[in-house]
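Everything on this sheet refers to the single structure shown next.
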Amino acid sequence: MTVTEEPWNWRGGRVRAAFLEAAGHVADLLAEPAVAHAWNDPSALKDFSVRGLAGHTFRQELELPGLLARPVPTEPVVSLREYYLERVVWLDAGPDAAVSARIRRSGEDTAADGHAALLARVREAVGKLRTVVPEAPAGRPVHVPTWGEWSLDLDDFLLTRLMELVVHADDLACSVGLPAPEFPEHLTAPVVDLLARLAVRRHGPADVIRGLARVERAPASIAGI
């Protein structure tokens with residue numbers, strides 16, 4: 001791994017523990033009566049229903065126990081930097097893009113059996129992950145077939161999921177009138193680090209530095225995703 005790729009990575013027990021803790025917190029958010037009550041309502045995200053957002057938030061957590069139960073994949077492992085800079089197609093796609101529509105449909109499909117059914121599946125998956133994630137060897141690759149003919153290191157995959165859980169927890173809470181979740185710093189620090197790097201990718205370092213430090217010259221947005 002090159003020096004330029006190293007800062008993208010949070011690996012080992014720290015990111016695994018952070019992912020599992022976040023997954024438990026967001027599962028508790030999913031269990032809130034306000035989420036069930038607003039299940040069929042529009043969410044805070046364009047063209048997403050609350051149920052579709054909930055399904056999208058947990059789709060890969062539901063799949064991960066099965067992925068880890070399969071034989072170790074043989075597809076080449078790409079770095080997290082390469083994943084975000086060269087592989088993903090959704091990162092720069094707007095809400096009207098075909099890939100965005102597919103993401104929304106998959107969220108709806110995941111939540112199609114209703115709130116109680118999704119919550120039960122999420123609780124079951126998180127329970128399994130609390131056993132299999134700590135036991136997975138260092139460097140264990142994860143291959144998601146729909147992504148392409150490549151894999152991610154498990155710990156890199158979990159960092160992507162940690163970011164998605166923290167971001168979408170805020171989306172979900174906002175959608176149903178609940179306060180923003182208050183995640184502890186050991187969960188938000190890797191997310192902020194990753195989002196800052198994605199913001200630099202999109203806007204360049206000058207705009208990100210101004211957005212964080214100089215209100216007089218701050219751009220309208222330094223959003224990373």
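Each chain in the structure tokens gets a letter, A, B and so on, in the order shown; residues start at 1 in every chain, and ligands are counted from 1 in the order they appear.
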| request: Identify, on the basis of only C-alpha atoms, every residue whose closest approach to segment 20-27 of chain A does not exceed 8 Å; exclude the query and any residue fewer than 3 positions from it along the same chain; express the result as number ranges by chain. | output: A: 16-17, 30-31, 119, 122-123, 126, 129-130, 162, 165-166, 169, 183, 187
Please produce a file of the residues just selected, as a CSV table (one decimal), in the first residue's frame, where the atoms kept are all heavy atoms.
```csv
chain,number,residue,atom,x,y,z
A,16,ARG,N,-14.0,-2.3,13.7
A,16,ARG,CA,-14.9,-3.3,13.9
A,16,ARG,C,-15.9,-3.1,15.0
A,16,ARG,O,-17.1,-3.2,14.9
A,16,ARG,CB,-14.2,-4.7,14.0
A,16,ARG,CG,-13.4,-5.1,12.8
A,16,ARG,CD,-12.9,-6.5,12.9
A,16,ARG,NE,-12.0,-6.8,11.7
A,16,ARG,CZ,-11.7,-8.0,11.4
A,16,ARG,NH1,-12.1,-9.1,12.1
A,16,ARG,NH2,-10.9,-8.2,10.3
A,17,ALA,N,-15.3,-2.7,16.2
A,17,ALA,CA,-16.1,-2.4,17.3
A,17,ALA,C,-17.0,-1.2,17.1
A,17,ALA,O,-18.2,-1.1,17.5
A,17,ALA,CB,-15.2,-2.1,18.5
A,30,LEU,N,-34.3,2.4,14.4
A,30,LEU,CA,-35.4,1.7,13.6
A,30,LEU,C,-36.5,1.3,14.4
A,30,LEU,O,-37.7,1.3,13.9
A,30,LEU,CB,-34.7,0.6,12.8
A,30,LEU,CG,-35.6,-0.3,11.9
A,30,LEU,CD1,-36.2,0.6,10.8
A,30,LEU,CD2,-34.9,-1.5,11.4
A,31,ALA,N,-36.3,0.8,15.6
A,31,ALA,CA,-37.3,0.3,16.5
A,31,ALA,C,-38.2,1.4,17.1
A,31,ALA,O,-39.3,1.0,17.6
A,31,ALA,CB,-36.7,-0.5,17.6
A,119,LEU,N,-37.3,-4.9,11.1
A,119,LEU,CA,-36.6,-4.8,12.4
A,119,LEU,C,-36.2,-6.1,12.9
A,119,LEU,O,-35.1,-6.3,13.4
A,119,LEU,CB,-37.6,-4.1,13.4
A,119,LEU,CG,-37.1,-4.0,14.8
A,119,LEU,CD1,-35.8,-3.1,14.9
A,119,LEU,CD2,-38.2,-3.4,15.7
A,122,VAL,N,-33.1,-7.2,11.0
A,122,VAL,CA,-32.0,-6.4,11.4
A,122,VAL,C,-31.4,-6.8,12.7
A,122,VAL,O,-30.2,-7.0,12.9
A,122,VAL,CB,-32.3,-4.9,11.4
A,122,VAL,CG1,-31.3,-4.0,12.1
A,122,VAL,CG2,-32.6,-4.3,10.0
A,123,ARG,N,-32.3,-7.0,13.7
A,123,ARG,CA,-31.8,-7.5,15.0
A,123,ARG,C,-31.1,-8.9,14.9
A,123,ARG,O,-30.0,-9.1,15.5
A,123,ARG,CB,-33.0,-7.7,15.9
A,123,ARG,CG,-33.7,-6.4,16.3
A,123,ARG,CD,-32.9,-5.5,17.2
A,123,ARG,NE,-33.8,-4.6,17.9
A,123,ARG,CZ,-33.3,-3.5,18.5
A,123,ARG,NH1,-32.0,-3.2,18.4
A,123,ARG,NH2,-34.2,-2.6,19.1
A,126,VAL,N,-27.6,-8.2,13.1
A,126,VAL,CA,-26.7,-7.5,14.0
A,126,VAL,C,-26.2,-8.5,15.1
A,126,VAL,O,-25.0,-8.5,15.4
A,126,VAL,CB,-27.3,-6.3,14.6
A,126,VAL,CG1,-26.4,-5.7,15.7
A,126,VAL,CG2,-27.6,-5.2,13.6
A,129,LEU,N,-23.6,-10.6,13.4
A,129,LEU,CA,-22.4,-9.9,13.1
A,129,LEU,C,-21.5,-9.6,14.4
A,129,LEU,O,-20.3,-9.6,14.3
A,129,LEU,CB,-22.8,-8.5,12.5
A,129,LEU,CG,-23.3,-8.6,11.1
A,129,LEU,CD1,-23.8,-7.3,10.6
A,129,LEU,CD2,-22.3,-9.1,10.1
A,130,ARG,N,-22.2,-9.6,15.5
A,130,ARG,CA,-21.4,-9.4,16.8
A,130,ARG,C,-20.5,-10.6,17.1
A,130,ARG,O,-19.6,-10.5,17.8
A,130,ARG,CB,-22.4,-9.1,17.9
A,130,ARG,CG,-23.0,-7.8,17.9
A,130,ARG,CD,-23.8,-7.5,19.1
A,130,ARG,NE,-24.4,-6.1,19.1
A,130,ARG,CZ,-25.6,-5.8,19.3
A,130,ARG,NH1,-26.5,-6.8,19.4
A,130,ARG,NH2,-26.0,-4.5,19.2
A,162,LEU,N,-20.0,2.0,8.4
A,162,LEU,CA,-20.1,2.9,9.5
A,162,LEU,C,-20.5,4.3,9.1
A,162,LEU,O,-21.4,4.9,9.7
A,162,LEU,CB,-18.7,3.0,10.3
A,162,LEU,CG,-18.6,3.9,11.4
A,162,LEU,CD1,-19.6,3.6,12.5
A,162,LEU,CD2,-17.2,3.9,12.0
A,165,LEU,N,-24.2,4.2,8.0
A,165,LEU,CA,-25.1,4.1,9.2
A,165,LEU,C,-25.2,5.5,9.9
A,165,LEU,O,-26.4,5.9,10.3
A,165,LEU,CB,-24.6,3.1,10.2
A,165,LEU,CG,-24.7,1.6,9.8
A,165,LEU,CD1,-23.9,0.7,10.6
A,165,LEU,CD2,-26.2,1.2,9.8
A,166,VAL,N,-24.1,6.1,10.1
A,166,VAL,CA,-24.2,7.4,10.9
A,166,VAL,C,-24.9,8.5,10.0
A,166,VAL,O,-25.8,9.2,10.6
A,166,VAL,CB,-22.8,7.9,11.2
A,166,VAL,CG1,-22.7,9.3,11.7
A,166,VAL,CG2,-22.1,6.9,12.3
A,169,ALA,N,-28.7,7.5,9.7
A,169,ALA,CA,-29.4,7.6,11.0
A,169,ALA,C,-29.9,9.0,11.1
A,169,ALA,O,-31.1,9.2,11.6
A,169,ALA,CB,-28.5,7.2,12.2
A,183,PHE,N,-24.1,10.2,18.4
A,183,PHE,CA,-23.1,9.2,18.5
A,183,PHE,C,-21.9,9.7,19.2
A,183,PHE,O,-21.5,10.8,19.1
A,183,PHE,CB,-22.7,8.8,17.0
A,183,PHE,CG,-23.8,8.1,16.2
A,183,PHE,CD1,-24.5,8.9,15.3
A,183,PHE,CD2,-24.2,6.8,16.5
A,183,PHE,CE1,-25.5,8.3,14.5
A,183,PHE,CE2,-25.2,6.2,15.7
A,183,PHE,CZ,-25.9,6.9,14.8
A,187,LEU,N,-17.2,6.9,17.3
A,187,LEU,CA,-18.0,6.5,16.1
A,187,LEU,C,-17.9,7.6,15.1
A,187,LEU,O,-17.8,7.3,13.9
A,187,LEU,CB,-19.4,6.2,16.5
A,187,LEU,CG,-19.7,5.1,17.5
A,187,LEU,CD1,-21.2,4.7,17.6
A,187,LEU,CD2,-18.9,3.8,17.2
```
| request: Would you kindly return, as a PyMOL selection string, each protein, DNA or RNA residue with an atom no farther than 8 Å from any atom of Val132 of chain A, considering only C-alpha atoms and excluding same-chain residues fewer than 4 positions away? | output: chain A and resi 65+68+128+136
| Counting only C-alpha atoms, the option among A:Glu164, A:Glu124, A:Asp155, A:Glu182 closest to Leu62 of chain A |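 Of the candidates, the smallest distance to Leu62 of chain A is held by A:Glu124.
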Which residues of segment 131-217 of chain A come within 9 Å of segment 43-55 of chain A, and what is each one's closest atom pair and distance in Å (one decimal), counting only C-alpha atoms, sorted by chain and residue number, as JSON lines?
```
{"residue": "A:His168", "atom": "CA", "partner": "A:Leu53", "partner_atom": "CA", "distance": 7.8}
{"residue": "A:Ala169", "atom": "CA", "partner": "A:Ala54", "partner_atom": "CA", "distance": 8.9}
{"residue": "A:Asp171", "atom": "CA", "partner": "A:Ala44", "partner_atom": "CA", "distance": 6.2}
{"residue": "A:Leu172", "atom": "CA", "partner": "A:Leu53", "partner_atom": "CA", "distance": 7.0}
{"residue": "A:Cys174", "atom": "CA", "partner": "A:Ala44", "partner_atom": "CA", "distance": 6.5}
{"residue": "A:Ser175", "atom": "CA", "partner": "A:Ser43", "partner_atom": "CA", "distance": 4.8}
{"residue": "A:Val176", "atom": "CA", "partner": "A:Ser43", "partner_atom": "CA", "distance": 7.6}
```
| field | DSSP-assigned strand (DSSP E) members of segment 13-205 of chain A, reported as a ChimeraX atom specification | value | /A:77-78,141-142,151-153
Selected residues written out, all heavy atoms, as a compact mmCIF listing (two decimals), in the first residue's frame:
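Listed below is the output, selection.txt:
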```
# COMPACT_ATOMS: atom_id res chain seq x y z
N VAL A 77 -8.55 -7.47 -4.35
CA VAL A 77 -8.93 -6.48 -3.34
C VAL A 77 -8.45 -5.10 -3.77
O VAL A 77 -7.28 -4.92 -4.10
CB VAL A 77 -8.34 -6.84 -1.97
CG1 VAL A 77 -8.66 -5.77 -0.93
CG2 VAL A 77 -8.86 -8.21 -1.51
N VAL A 78 -9.35 -4.14 -3.79
CA VAL A 78 -8.98 -2.76 -4.11
C VAL A 78 -8.93 -1.96 -2.82
O VAL A 78 -9.59 -2.29 -1.83
CB VAL A 78 -9.96 -2.11 -5.11
CG1 VAL A 78 -10.05 -2.93 -6.39
CG2 VAL A 78 -11.35 -1.92 -4.49
N PRO A 141 -11.12 -10.54 2.70
CA PRO A 141 -11.83 -9.76 1.69
C PRO A 141 -13.34 -10.02 1.70
O PRO A 141 -13.80 -11.08 2.13
CB PRO A 141 -11.22 -10.24 0.37
CG PRO A 141 -10.66 -11.58 0.67
CD PRO A 141 -10.35 -11.63 2.12
N VAL A 142 -14.08 -9.03 1.26
CA VAL A 142 -15.53 -9.12 1.11
C VAL A 142 -15.87 -8.78 -0.33
O VAL A 142 -15.45 -7.73 -0.83
CB VAL A 142 -16.27 -8.16 2.06
CG1 VAL A 142 -17.77 -8.16 1.77
CG2 VAL A 142 -16.01 -8.53 3.51
N SER A 151 -13.04 -6.93 -4.73
CA SER A 151 -13.42 -7.05 -3.33
C SER A 151 -12.85 -5.88 -2.54
O SER A 151 -11.99 -5.14 -3.02
CB SER A 151 -12.87 -8.36 -2.73
OG SER A 151 -13.35 -9.49 -3.42
N LEU A 152 -13.36 -5.73 -1.32
CA LEU A 152 -12.80 -4.79 -0.35
C LEU A 152 -12.31 -5.58 0.86
O LEU A 152 -12.90 -6.61 1.23
CB LEU A 152 -13.85 -3.79 0.12
CG LEU A 152 -14.12 -2.54 -0.70
CD1 LEU A 152 -15.24 -1.73 -0.04
CD2 LEU A 152 -12.88 -1.68 -0.86
N ASP A 153 -11.25 -5.11 1.48
CA ASP A 153 -10.87 -5.61 2.79
C ASP A 153 -12.05 -5.42 3.74
O ASP A 153 -12.73 -4.39 3.72
CB ASP A 153 -9.64 -4.83 3.27
CG ASP A 153 -9.15 -5.29 4.63
OD1 ASP A 153 -9.83 -5.00 5.64
OD2 ASP A 153 -8.08 -5.91 4.71
```
| task | Please indicate the distance in Å from atom CA of Leu91 of chain A to atom CA of Val15 of chain A, rounded to one decimal place. | result | 22.3 Å
| task | Determine which residues of segment 42-136 of chain A DSSP labels as alpha helix (DSSP H) from the backbone of this structure, then write them out as a PyMOL selection string. | result | chain A and resi 50-69+80-82+98-110+115-135
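Close contacts of segment 102-109 of chain A, defined as residues with an atom at most 6 Å away when counting only C-alpha atoms, with chain neighbours fewer than 2 positions off set aside, comprise Gly52, Gly55, His56, Val99, Ser100, Ala111 and Ala112 of chain A.
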| task | Check the smallest atom-to-atom distance from each of A:Glu216, A:Asp41, A:Glu63, A:Asp92 to Ala199 of chain A using only C-alpha atoms, then report the winner. | result |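 The answer is A:Asp92, which sits nearest to Ala199 of chain A.
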| Separation of atom CA of Ile222 of chain A from atom CA of Gly94 of chain A, in Å and rounded to one decimal | 15.8 Å
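Compared by their closest atoms to Leu158 of chain A, and using only C-alpha atoms, the residues A:Ala223, A:Ala120, A:Val133, A:Val144 rank with A:Val133 nearest.
For the atom pair formed by atom CA of Leu64 of chain A and atom CA of Ala18 of chain A, the distance is 15.9 Å, given to one decimal.
Nearest-residue note for Arg161 of chain A: choosing from A:Arg14, A:Arg59, A:His37, A:His186, the minimum distance belongs to A:Arg59, counting only C-alpha atoms.
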| said: Restricting the calculation to only C-alpha atoms: of A:Pro76, A:Pro137, A:Ala173, A:Ala98, which residue gets closest to Glu32 of chain A? | reply: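 So, comparing all the options, the nearest one is A:Ala173.
Across A:Leu29, A:Ala220, A:Ala97, A:Ala116, the tightest approach to Thr57 of chain A is made by A:Leu29 when counting only C-alpha atoms.
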